[in-house]
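K.L.:
One structure is given below, represented as structure tokens, and several questions about it will come after.
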Amino acid sequence: MWTDNQRAERSDGARRRATIHDVARLAGVSRQTVSRAVNDKGEIDPGTKERVLEAARLLDYRPSRFARGLVQKGAVTAGLVIPDLRNPFFPEVAAGVLEAAEQRGWQVVVWDSRIDEAREREALDVLSHQADAVVGYFQDPDDVLTRHLGGVPLVLLERGPQQTRFAAVGIDAVSGVQQGMEHLLSAGHRRIGMLDGVHGPDLRKQAFLAQARRLGLPVDEDWVVMCQEHSVAGGEDGMERLLDRRPEVTAVFGFNDLIAVGAMRTGRRRGRRVPEDLAVLGFDGLSLGELVEPALTTLHIDKRQLGRLAVEQVARLRAGEEPLRGADAWVTPELVVRDSA
């Protein structure tokens with residue numbers, strides 16, 4: 001029989017999740033024979049079945065729910081990976097996923113990755129055995145995600161359909177930032193800073209710098225400060241550093257609403273009146289923005305629509321259809337003008 005040295009390995013030497021192809025190769029049989037053996041279906045020679053099952057045991061192979069669903073009817077289970085359930089943005093996205101899934105009679109398993117790449121990979125490893133498809137936020141590149149998926153369909157949130165070979169649902173950051181920058185410019189601001197997020201794609205920062213160049217503003221990367229947290233505290237700290245670096249700033253663009261609220265708090269603490277001395281603009285459209293004083297001007301994102309589109313992508317993948325692409329897979333922010341800018 002075989003030894004542990006024949007277990008599936010990644011190119012970097014680490015263990016990876018074994019696939020049906022690994023079992024077939026080790027047992028010297030076809031993929032169809034492996035499927036019949038592990039699912040106890042159809043006629044199969046007892047000796048061959050024993051060899052296949054031993055290979056599956058050695059490789060720690062477990063067929064995914066998606067693979068079993070090809071031969072068994074049952075309720076669909078979708079895995080949802082959220083980076084931070086403490087941030088009110090993400091529960092609203094999750095609500096959109098749950099509502100759309102419930103309408104289709106699906107179940108949803110929610111996993112909070114806590115902005116930790118190791119937990120993201122663990123989520124994929126677990127959900128690839130428990131779920132028929134996975135929706136979520138992931139920091140890893142496509143090739144790393146592929147190694148942990150085991151063939152389970154994946155829909156990425158906020159990576160952008162043009163940035164991945166997986167199905168995706170994105171936010172049109174370019175349109176949103178353009179609306180915000182033009183609004184600030186029309187109010188007379190030319191020295192505009194940005195408080196960016198430290199993790200995830202930097203689409204908003206790229207869009208911010210591109211718009212600054214397009215509008216002829218004296219703004220470059222030195223006007224962008226990275227916040228260590230996507231939180232009010234992160235915004236407070238980021239604004240302290242921005243004011244130290246660029247005290248002439250008259251407006252600030254927050255990566256999200258929580259960071260923008262933190263910017264307002266620090267601005268007032270350092271003697272800046274909002275919006276008279278410092279205009280503050282957020283990006284999310286959280287209900288929190290209506291409760292702070294002054295009320296927060298923001299770019300509103302339909303977060304539930306983001307979740308609903310993700311479920312539509314899953315349905316298309318399961319039906320063997322092409323996923324939504326281009327504008328159909330984007331959610332476009334809308335400028336909501338309040339008192340802070």
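Convention: chains lettered A, B, ... in structure tokens order; per-chain residue numbering from 1; ligands numbered from 1 as shown.
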I need the residues of region 163-303 of chain A that end up classed as strand (DSSP E) by DSSP on the backbone, written out as a count of residues only.
P.N.:
29
K.L.:
Based on DSSP run over this structure's backbone, return all residues of region 24-183 of chain A in alpha helix (DSSP H), as a PyMOL selection string.
P.N.:
chain A and resi 24-27+31-38+46-59+65-69+89-103+117-130+142-149+173-183
K.L.:
Quick one: of A:Gly79, A:Gly235, A:Pro275, A:Pro323, who's nearest to Ala295 (chain A), counting only C-alpha atoms?
P.N.:
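Answer, going by the shortest atom-to-atom distance: A:Pro275.
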K.L.:
Considering only C-alpha atoms, return as a list in words whatever protein or nucleic-acid residues lie within 9 Å of Val155 (chain A), sequence-local ones (same chain, fewer than 6 positions apart) excluded.
P.N.:
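Counting only C-alpha atoms, the residues come to Ala133, Val134, Val135, Gly136, Tyr137, Phe166, Ala167, Ala168, Val169, Ala310, Val311, Gln313 and Val314 of chain A.
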K.L.:
Those residues you just picked out, can you put them in a file as a PDB file, in the first residue's frame with all heavy atoms?
P.N.:
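Okay, this is what ended up in result36.pdb:
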ATOM      1  N   ALA A 133     -21.262  26.628  -2.419  1.00  0.00           N
ATOM      2  CA  ALA A 133     -20.606  27.784  -3.025  1.00  0.00           C
ATOM      3  C   ALA A 133     -20.194  28.717  -1.902  1.00  0.00           C
ATOM      4  O   ALA A 133     -20.740  28.649  -0.792  1.00  0.00           O
ATOM      5  CB  ALA A 133     -21.536  28.499  -4.005  1.00  0.00           C
ATOM      6  N   VAL A 134     -19.238  29.593  -2.180  1.00  0.00           N
ATOM      7  CA  VAL A 134     -18.738  30.524  -1.180  1.00  0.00           C
ATOM      8  C   VAL A 134     -18.801  31.939  -1.735  1.00  0.00           C
ATOM      9  O   VAL A 134     -18.444  32.186  -2.896  1.00  0.00           O
ATOM     10  CB  VAL A 134     -17.289  30.187  -0.769  1.00  0.00           C
ATOM     11  CG1 VAL A 134     -16.744  31.232   0.212  1.00  0.00           C
ATOM     12  CG2 VAL A 134     -17.219  28.794  -0.142  1.00  0.00           C
ATOM     13  N   VAL A 135     -19.249  32.868  -0.896  1.00  0.00           N
ATOM     14  CA  VAL A 135     -19.280  34.304  -1.207  1.00  0.00           C
ATOM     15  C   VAL A 135     -18.474  34.998  -0.135  1.00  0.00           C
ATOM     16  O   VAL A 135     -18.586  34.656   1.050  1.00  0.00           O
ATOM     17  CB  VAL A 135     -20.730  34.829  -1.196  1.00  0.00           C
ATOM     18  CG1 VAL A 135     -20.748  36.348  -1.332  1.00  0.00           C
ATOM     19  CG2 VAL A 135     -21.550  34.174  -2.293  1.00  0.00           C
ATOM     20  N   GLY A 136     -17.647  35.982  -0.511  1.00  0.00           N
ATOM     21  CA  GLY A 136     -16.964  36.666   0.569  1.00  0.00           C
ATOM     22  C   GLY A 136     -15.871  37.622   0.165  1.00  0.00           C
ATOM     23  O   GLY A 136     -15.588  37.841  -1.017  1.00  0.00           O
ATOM     24  N   TYR A 137     -15.259  38.199   1.196  1.00  0.00           N
ATOM     25  CA  TYR A 137     -14.136  39.127   1.076  1.00  0.00           C
ATOM     26  C   TYR A 137     -12.853  38.361   1.380  1.00  0.00           C
ATOM     27  O   TYR A 137     -12.730  37.743   2.442  1.00  0.00           O
ATOM     28  CB  TYR A 137     -14.281  40.265   2.088  1.00  0.00           C
ATOM     29  CG  TYR A 137     -15.415  41.216   1.810  1.00  0.00           C
ATOM     30  CD1 TYR A 137     -16.712  40.921   2.230  1.00  0.00           C
ATOM     31  CD2 TYR A 137     -15.198  42.426   1.150  1.00  0.00           C
ATOM     32  CE1 TYR A 137     -17.750  41.804   1.994  1.00  0.00           C
ATOM     33  CE2 TYR A 137     -16.233  43.310   0.915  1.00  0.00           C
ATOM     34  CZ  TYR A 137     -17.510  42.996   1.331  1.00  0.00           C
ATOM     35  OH  TYR A 137     -18.536  43.878   1.098  1.00  0.00           O
ATOM     36  N   PHE A 166     -12.476  34.703 -10.961  1.00  0.00           N
ATOM     37  CA  PHE A 166     -13.683  34.197 -10.332  1.00  0.00           C
ATOM     38  C   PHE A 166     -14.850  35.139 -10.624  1.00  0.00           C
ATOM     39  O   PHE A 166     -14.652  36.264 -11.068  1.00  0.00           O
ATOM     40  CB  PHE A 166     -13.497  34.085  -8.815  1.00  0.00           C
ATOM     41  CG  PHE A 166     -12.454  33.094  -8.389  1.00  0.00           C
ATOM     42  CD1 PHE A 166     -11.266  33.519  -7.823  1.00  0.00           C
ATOM     43  CD2 PHE A 166     -12.654  31.739  -8.564  1.00  0.00           C
ATOM     44  CE1 PHE A 166     -10.296  32.615  -7.433  1.00  0.00           C
ATOM     45  CE2 PHE A 166     -11.691  30.821  -8.188  1.00  0.00           C
ATOM     46  CZ  PHE A 166     -10.512  31.258  -7.616  1.00  0.00           C
ATOM     47  N   ALA A 167     -16.059  34.671 -10.335  1.00  0.00           N
ATOM     48  CA  ALA A 167     -17.198  35.585 -10.393  1.00  0.00           C
ATOM     49  C   ALA A 167     -17.036  36.612  -9.279  1.00  0.00           C
ATOM     50  O   ALA A 167     -16.462  36.325  -8.224  1.00  0.00           O
ATOM     51  CB  ALA A 167     -18.501  34.812 -10.223  1.00  0.00           C
ATOM     52  N   ALA A 168     -17.520  37.825  -9.510  1.00  0.00           N
ATOM     53  CA  ALA A 168     -17.312  38.887  -8.529  1.00  0.00           C
ATOM     54  C   ALA A 168     -18.441  39.903  -8.594  1.00  0.00           C
ATOM     55  O   ALA A 168     -19.160  40.001  -9.582  1.00  0.00           O
ATOM     56  CB  ALA A 168     -15.975  39.582  -8.781  1.00  0.00           C
ATOM     57  N   VAL A 169     -18.562  40.642  -7.503  1.00  0.00           N
ATOM     58  CA  VAL A 169     -19.467  41.789  -7.436  1.00  0.00           C
ATOM     59  C   VAL A 169     -18.657  42.937  -6.853  1.00  0.00           C
ATOM     60  O   VAL A 169     -18.055  42.798  -5.781  1.00  0.00           O
ATOM     61  CB  VAL A 169     -20.693  41.501  -6.553  1.00  0.00           C
ATOM     62  CG1 VAL A 169     -21.553  42.753  -6.439  1.00  0.00           C
ATOM     63  CG2 VAL A 169     -21.507  40.353  -7.122  1.00  0.00           C
ATOM     64  N   ALA A 310     -24.489  39.095  -5.320  1.00  0.00           N
ATOM     65  CA  ALA A 310     -23.607  37.961  -5.057  1.00  0.00           C
ATOM     66  C   ALA A 310     -24.373  36.647  -5.136  1.00  0.00           C
ATOM     67  O   ALA A 310     -23.883  35.659  -5.695  1.00  0.00           O
ATOM     68  CB  ALA A 310     -22.950  38.119  -3.685  1.00  0.00           C
ATOM     69  N   VAL A 311     -25.588  36.622  -4.591  1.00  0.00           N
ATOM     70  CA  VAL A 311     -26.409  35.409  -4.650  1.00  0.00           C
ATOM     71  C   VAL A 311     -26.806  35.112  -6.093  1.00  0.00           C
ATOM     72  O   VAL A 311     -26.824  33.950  -6.521  1.00  0.00           O
ATOM     73  CB  VAL A 311     -27.654  35.555  -3.750  1.00  0.00           C
ATOM     74  CG1 VAL A 311     -28.627  34.398  -3.966  1.00  0.00           C
ATOM     75  CG2 VAL A 311     -27.224  35.616  -2.283  1.00  0.00           C
ATOM     76  N   GLN A 313     -25.015  35.747  -8.661  1.00  0.00           N
ATOM     77  CA  GLN A 313     -23.816  35.156  -9.265  1.00  0.00           C
ATOM     78  C   GLN A 313     -23.703  33.674  -8.919  1.00  0.00           C
ATOM     79  O   GLN A 313     -23.372  32.846  -9.772  1.00  0.00           O
ATOM     80  CB  GLN A 313     -22.564  35.908  -8.790  1.00  0.00           C
ATOM     81  CG  GLN A 313     -22.452  37.344  -9.258  1.00  0.00           C
ATOM     82  CD  GLN A 313     -22.048  37.471 -10.715  1.00  0.00           C
ATOM     83  OE1 GLN A 313     -22.689  36.905 -11.590  1.00  0.00           O
ATOM     84  NE2 GLN A 313     -20.992  38.212 -10.980  1.00  0.00           N
ATOM     85  N   VAL A 314     -23.967  33.338  -7.664  1.00  0.00           N
ATOM     86  CA  VAL A 314     -23.926  31.930  -7.251  1.00  0.00           C
ATOM     87  C   VAL A 314     -24.939  31.110  -8.057  1.00  0.00           C
ATOM     88  O   VAL A 314     -24.627  30.017  -8.542  1.00  0.00           O
ATOM     89  CB  VAL A 314     -24.210  31.787  -5.743  1.00  0.00           C
ATOM     90  CG1 VAL A 314     -24.409  30.312  -5.374  1.00  0.00           C
ATOM     91  CG2 VAL A 314     -23.085  32.381  -4.923  1.00  0.00           C
TER      92      VAL A 314
END
K.L.:
With only C-alpha atoms as the atoms that count, which of A:Arg204, A:Phe283, A:Ala341, A:Asp132 lies nearest to Ser186 (chain A)?
P.N.:
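Looking only at the distances to Ser186 (chain A), the closest residue turns out to be A:Ala341.
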K.L.:
So that I can check the surroundings of Gly197 (chain A), please list as a ChimeraX atom specification every protein, DNA and RNA residue that reaches within 8 Å of it, counting only C-alpha atoms and ignoring chain neighbours fewer than 2 positions away.
P.N.:
/A:195,199-200,202,226-230,255
K.L.:
So that I have them on file, write out the residues from the current selection with all heavy atoms, as a PDB file, in the first residue's frame.
P.N.:
ATOM      1  N   LEU A 195      -7.956  59.649   3.960  1.00  0.00           N
ATOM      2  CA  LEU A 195      -7.649  58.645   4.972  1.00  0.00           C
ATOM      3  C   LEU A 195      -8.044  57.300   4.391  1.00  0.00           C
ATOM      4  O   LEU A 195      -9.229  57.001   4.243  1.00  0.00           O
ATOM      5  CB  LEU A 195      -8.421  58.935   6.270  1.00  0.00           C
ATOM      6  CG  LEU A 195      -8.155  60.295   6.917  1.00  0.00           C
ATOM      7  CD1 LEU A 195      -8.943  60.427   8.206  1.00  0.00           C
ATOM      8  CD2 LEU A 195      -6.665  60.491   7.174  1.00  0.00           C
ATOM      9  N   HIS A 199      -6.062  47.606   4.644  1.00  0.00           N
ATOM     10  CA  HIS A 199      -6.172  46.267   4.072  1.00  0.00           C
ATOM     11  C   HIS A 199      -7.167  46.262   2.913  1.00  0.00           C
ATOM     12  O   HIS A 199      -7.988  47.141   2.774  1.00  0.00           O
ATOM     13  CB  HIS A 199      -6.606  45.251   5.132  1.00  0.00           C
ATOM     14  CG  HIS A 199      -7.925  45.580   5.771  1.00  0.00           C
ATOM     15  ND1 HIS A 199      -8.012  46.306   6.935  1.00  0.00           N
ATOM     16  CD2 HIS A 199      -9.193  45.302   5.399  1.00  0.00           C
ATOM     17  CE1 HIS A 199      -9.287  46.448   7.254  1.00  0.00           C
ATOM     18  NE2 HIS A 199     -10.020  45.860   6.349  1.00  0.00           N
ATOM     19  N   GLY A 200      -7.058  45.243   2.083  1.00  0.00           N
ATOM     20  CA  GLY A 200      -7.944  45.123   0.931  1.00  0.00           C
ATOM     21  C   GLY A 200      -7.417  45.884  -0.267  1.00  0.00           C
ATOM     22  O   GLY A 200      -6.380  46.549  -0.207  1.00  0.00           O
ATOM     23  N   ASP A 202      -6.759  48.723  -3.055  1.00  0.00           N
ATOM     24  CA  ASP A 202      -6.653  50.174  -2.870  1.00  0.00           C
ATOM     25  C   ASP A 202      -7.331  50.929  -3.997  1.00  0.00           C
ATOM     26  O   ASP A 202      -6.852  51.963  -4.462  1.00  0.00           O
ATOM     27  CB  ASP A 202      -5.189  50.596  -2.751  1.00  0.00           C
ATOM     28  CG  ASP A 202      -4.375  50.251  -3.991  1.00  0.00           C
ATOM     29  OD1 ASP A 202      -4.923  49.576  -4.885  1.00  0.00           O
ATOM     30  OD2 ASP A 202      -3.205  50.656  -4.068  1.00  0.00           O
ATOM     31  N   MET A 226      -2.605  56.164   5.647  1.00  0.00           N
ATOM     32  CA  MET A 226      -3.201  54.842   5.836  1.00  0.00           C
ATOM     33  C   MET A 226      -3.648  54.684   7.285  1.00  0.00           C
ATOM     34  O   MET A 226      -2.867  54.910   8.210  1.00  0.00           O
ATOM     35  CB  MET A 226      -2.181  53.758   5.500  1.00  0.00           C
ATOM     36  CG  MET A 226      -1.685  53.800   4.071  1.00  0.00           C
ATOM     37  SD  MET A 226      -3.004  53.455   2.876  1.00  0.00           S
ATOM     38  CE  MET A 226      -3.215  51.704   3.132  1.00  0.00           C
ATOM     39  N   CYS A 227      -4.895  54.307   7.482  1.00  0.00           N
ATOM     40  CA  CYS A 227      -5.432  54.070   8.822  1.00  0.00           C
ATOM     41  C   CYS A 227      -5.250  52.602   9.196  1.00  0.00           C
ATOM     42  O   CYS A 227      -5.518  51.715   8.383  1.00  0.00           O
ATOM     43  CB  CYS A 227      -6.912  54.441   8.873  1.00  0.00           C
ATOM     44  SG  CYS A 227      -7.240  56.186   8.532  1.00  0.00           S
ATOM     45  N   GLN A 228      -4.815  52.357  10.409  1.00  0.00           N
ATOM     46  CA  GLN A 228      -4.555  50.989  10.845  1.00  0.00           C
ATOM     47  C   GLN A 228      -5.839  50.201  11.076  1.00  0.00           C
ATOM     48  O   GLN A 228      -5.825  48.976  11.072  1.00  0.00           O
ATOM     49  CB  GLN A 228      -3.721  51.000  12.132  1.00  0.00           C
ATOM     50  CG  GLN A 228      -2.337  51.590  11.950  1.00  0.00           C
ATOM     51  CD  GLN A 228      -1.516  50.852  10.907  1.00  0.00           C
ATOM     52  OE1 GLN A 228      -1.430  49.625  10.935  1.00  0.00           O
ATOM     53  NE2 GLN A 228      -0.935  51.591   9.977  1.00  0.00           N
ATOM     54  N   GLU A 229      -6.944  50.895  11.288  1.00  0.00           N
ATOM     55  CA  GLU A 229      -8.236  50.240  11.492  1.00  0.00           C
ATOM     56  C   GLU A 229      -9.305  50.951  10.678  1.00  0.00           C
ATOM     57  O   GLU A 229      -9.254  52.158  10.509  1.00  0.00           O
ATOM     58  CB  GLU A 229      -8.649  50.273  12.975  1.00  0.00           C
ATOM     59  CG  GLU A 229      -7.717  49.533  13.918  1.00  0.00           C
ATOM     60  CD  GLU A 229      -8.194  49.638  15.351  1.00  0.00           C
ATOM     61  OE1 GLU A 229      -9.241  50.267  15.599  1.00  0.00           O
ATOM     62  OE2 GLU A 229      -7.501  49.107  16.235  1.00  0.00           O
ATOM     63  N   HIS A 230     -10.279  50.177  10.197  1.00  0.00           N
ATOM     64  CA  HIS A 230     -11.427  50.767   9.509  1.00  0.00           C
ATOM     65  C   HIS A 230     -12.479  51.150  10.553  1.00  0.00           C
ATOM     66  O   HIS A 230     -13.605  50.653  10.539  1.00  0.00           O
ATOM     67  CB  HIS A 230     -12.028  49.765   8.520  1.00  0.00           C
ATOM     68  CG  HIS A 230     -11.196  49.554   7.300  1.00  0.00           C
ATOM     69  ND1 HIS A 230     -11.633  48.825   6.216  1.00  0.00           N
ATOM     70  CD2 HIS A 230      -9.953  49.960   6.976  1.00  0.00           C
ATOM     71  CE1 HIS A 230     -10.687  48.807   5.285  1.00  0.00           C
ATOM     72  NE2 HIS A 230      -9.663  49.485   5.730  1.00  0.00           N
ATOM     73  N   PHE A 255     -11.987  56.749   3.734  1.00  0.00           N
ATOM     74  CA  PHE A 255     -12.174  55.464   3.060  1.00  0.00           C
ATOM     75  C   PHE A 255     -13.570  54.924   3.334  1.00  0.00           C
ATOM     76  O   PHE A 255     -14.202  54.334   2.454  1.00  0.00           O
ATOM     77  CB  PHE A 255     -11.120  54.463   3.542  1.00  0.00           C
ATOM     78  CG  PHE A 255     -11.294  53.077   2.991  1.00  0.00           C
ATOM     79  CD1 PHE A 255     -10.744  52.722   1.766  1.00  0.00           C
ATOM     80  CD2 PHE A 255     -12.013  52.115   3.693  1.00  0.00           C
ATOM     81  CE1 PHE A 255     -10.913  51.451   1.249  1.00  0.00           C
ATOM     82  CE2 PHE A 255     -12.186  50.843   3.185  1.00  0.00           C
ATOM     83  CZ  PHE A 255     -11.632  50.505   1.961  1.00  0.00           C
TER      84      PHE A 255
END
K.L.:
Using only C-alpha atoms, find the one residue out of A:Asn256, A:Thr250, A:Thr48, A:Thr19 that sits nearest to His189 (chain A).
P.N.:
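Checking each candidate against His189 (chain A), we get A:Thr250 as the closest.
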K.L.:
A:Ile20, A:Val76, A:Met194, A:Val38: which is nearest Gly150 (chain A), counting only C-alpha atoms?
P.N.:
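Smallest distance to Gly150 (chain A) is found for A:Ile20.
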K.L.:
So that I can check the surroundings of region 337-339 of chain A, please list as a VMD selection string every protein, DNA and RNA residue that reaches within 10 Å of it, counting only C-alpha atoms and ignoring chain neighbours fewer than 4 positions away.
P.N.:
chain A and resid 180 183 274 to 275 279 to 281 289 to 290 293 to 299
K.L.:
In Å, how far is it from CA of Ile171 (chain A) to CA of Arg213 (chain A)?
P.N.:
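Value for the CA of Ile171 (chain A)-CA of Arg213 (chain A) distance: 21.6 Å.
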K.L.:
Which polymer residues have any atom within 8 Å of an atom of Ala27 (chain A), counting only C-alpha atoms, with same-chain residues fewer than 5 positions away left out, as a ChimeraX atom specification?
P.N.:
/A:51-52,55
K.L.:
Emit the selected residues as a PDB file, in the first residue's frame, including N, CA and C atoms.
P.N.:
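Produced file again.pdb, reproduced below:
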ATOM      1  N   ARG A  51      -9.275  -0.224  -2.752  1.00  0.00           N
ATOM      2  CA  ARG A  51      -8.083   0.538  -3.117  1.00  0.00           C
ATOM      3  C   ARG A  51      -8.382   2.032  -3.179  1.00  0.00           C
ATOM      4  N   VAL A  52      -9.527   2.377  -3.734  1.00  0.00           N
ATOM      5  CA  VAL A  52      -9.914   3.788  -3.829  1.00  0.00           C
ATOM      6  C   VAL A  52     -10.129   4.389  -2.448  1.00  0.00           C
ATOM      7  N   ALA A  55      -6.901   5.001  -0.714  1.00  0.00           N
ATOM      8  CA  ALA A  55      -6.250   6.195  -1.253  1.00  0.00           C
ATOM      9  C   ALA A  55      -6.911   7.463  -0.713  1.00  0.00           C
TER      10      ALA A  55
END
K.L.:
Have a look at A:Glu102, A:Glu43, A:Asp257, A:Asp143 and name the one nearest to Thr77 (chain A); count only C-alpha atoms.
P.N.:
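Ranking A:Glu102, A:Glu43, A:Asp257, A:Asp143 by distance to Thr77 (chain A), first place goes to A:Glu102.
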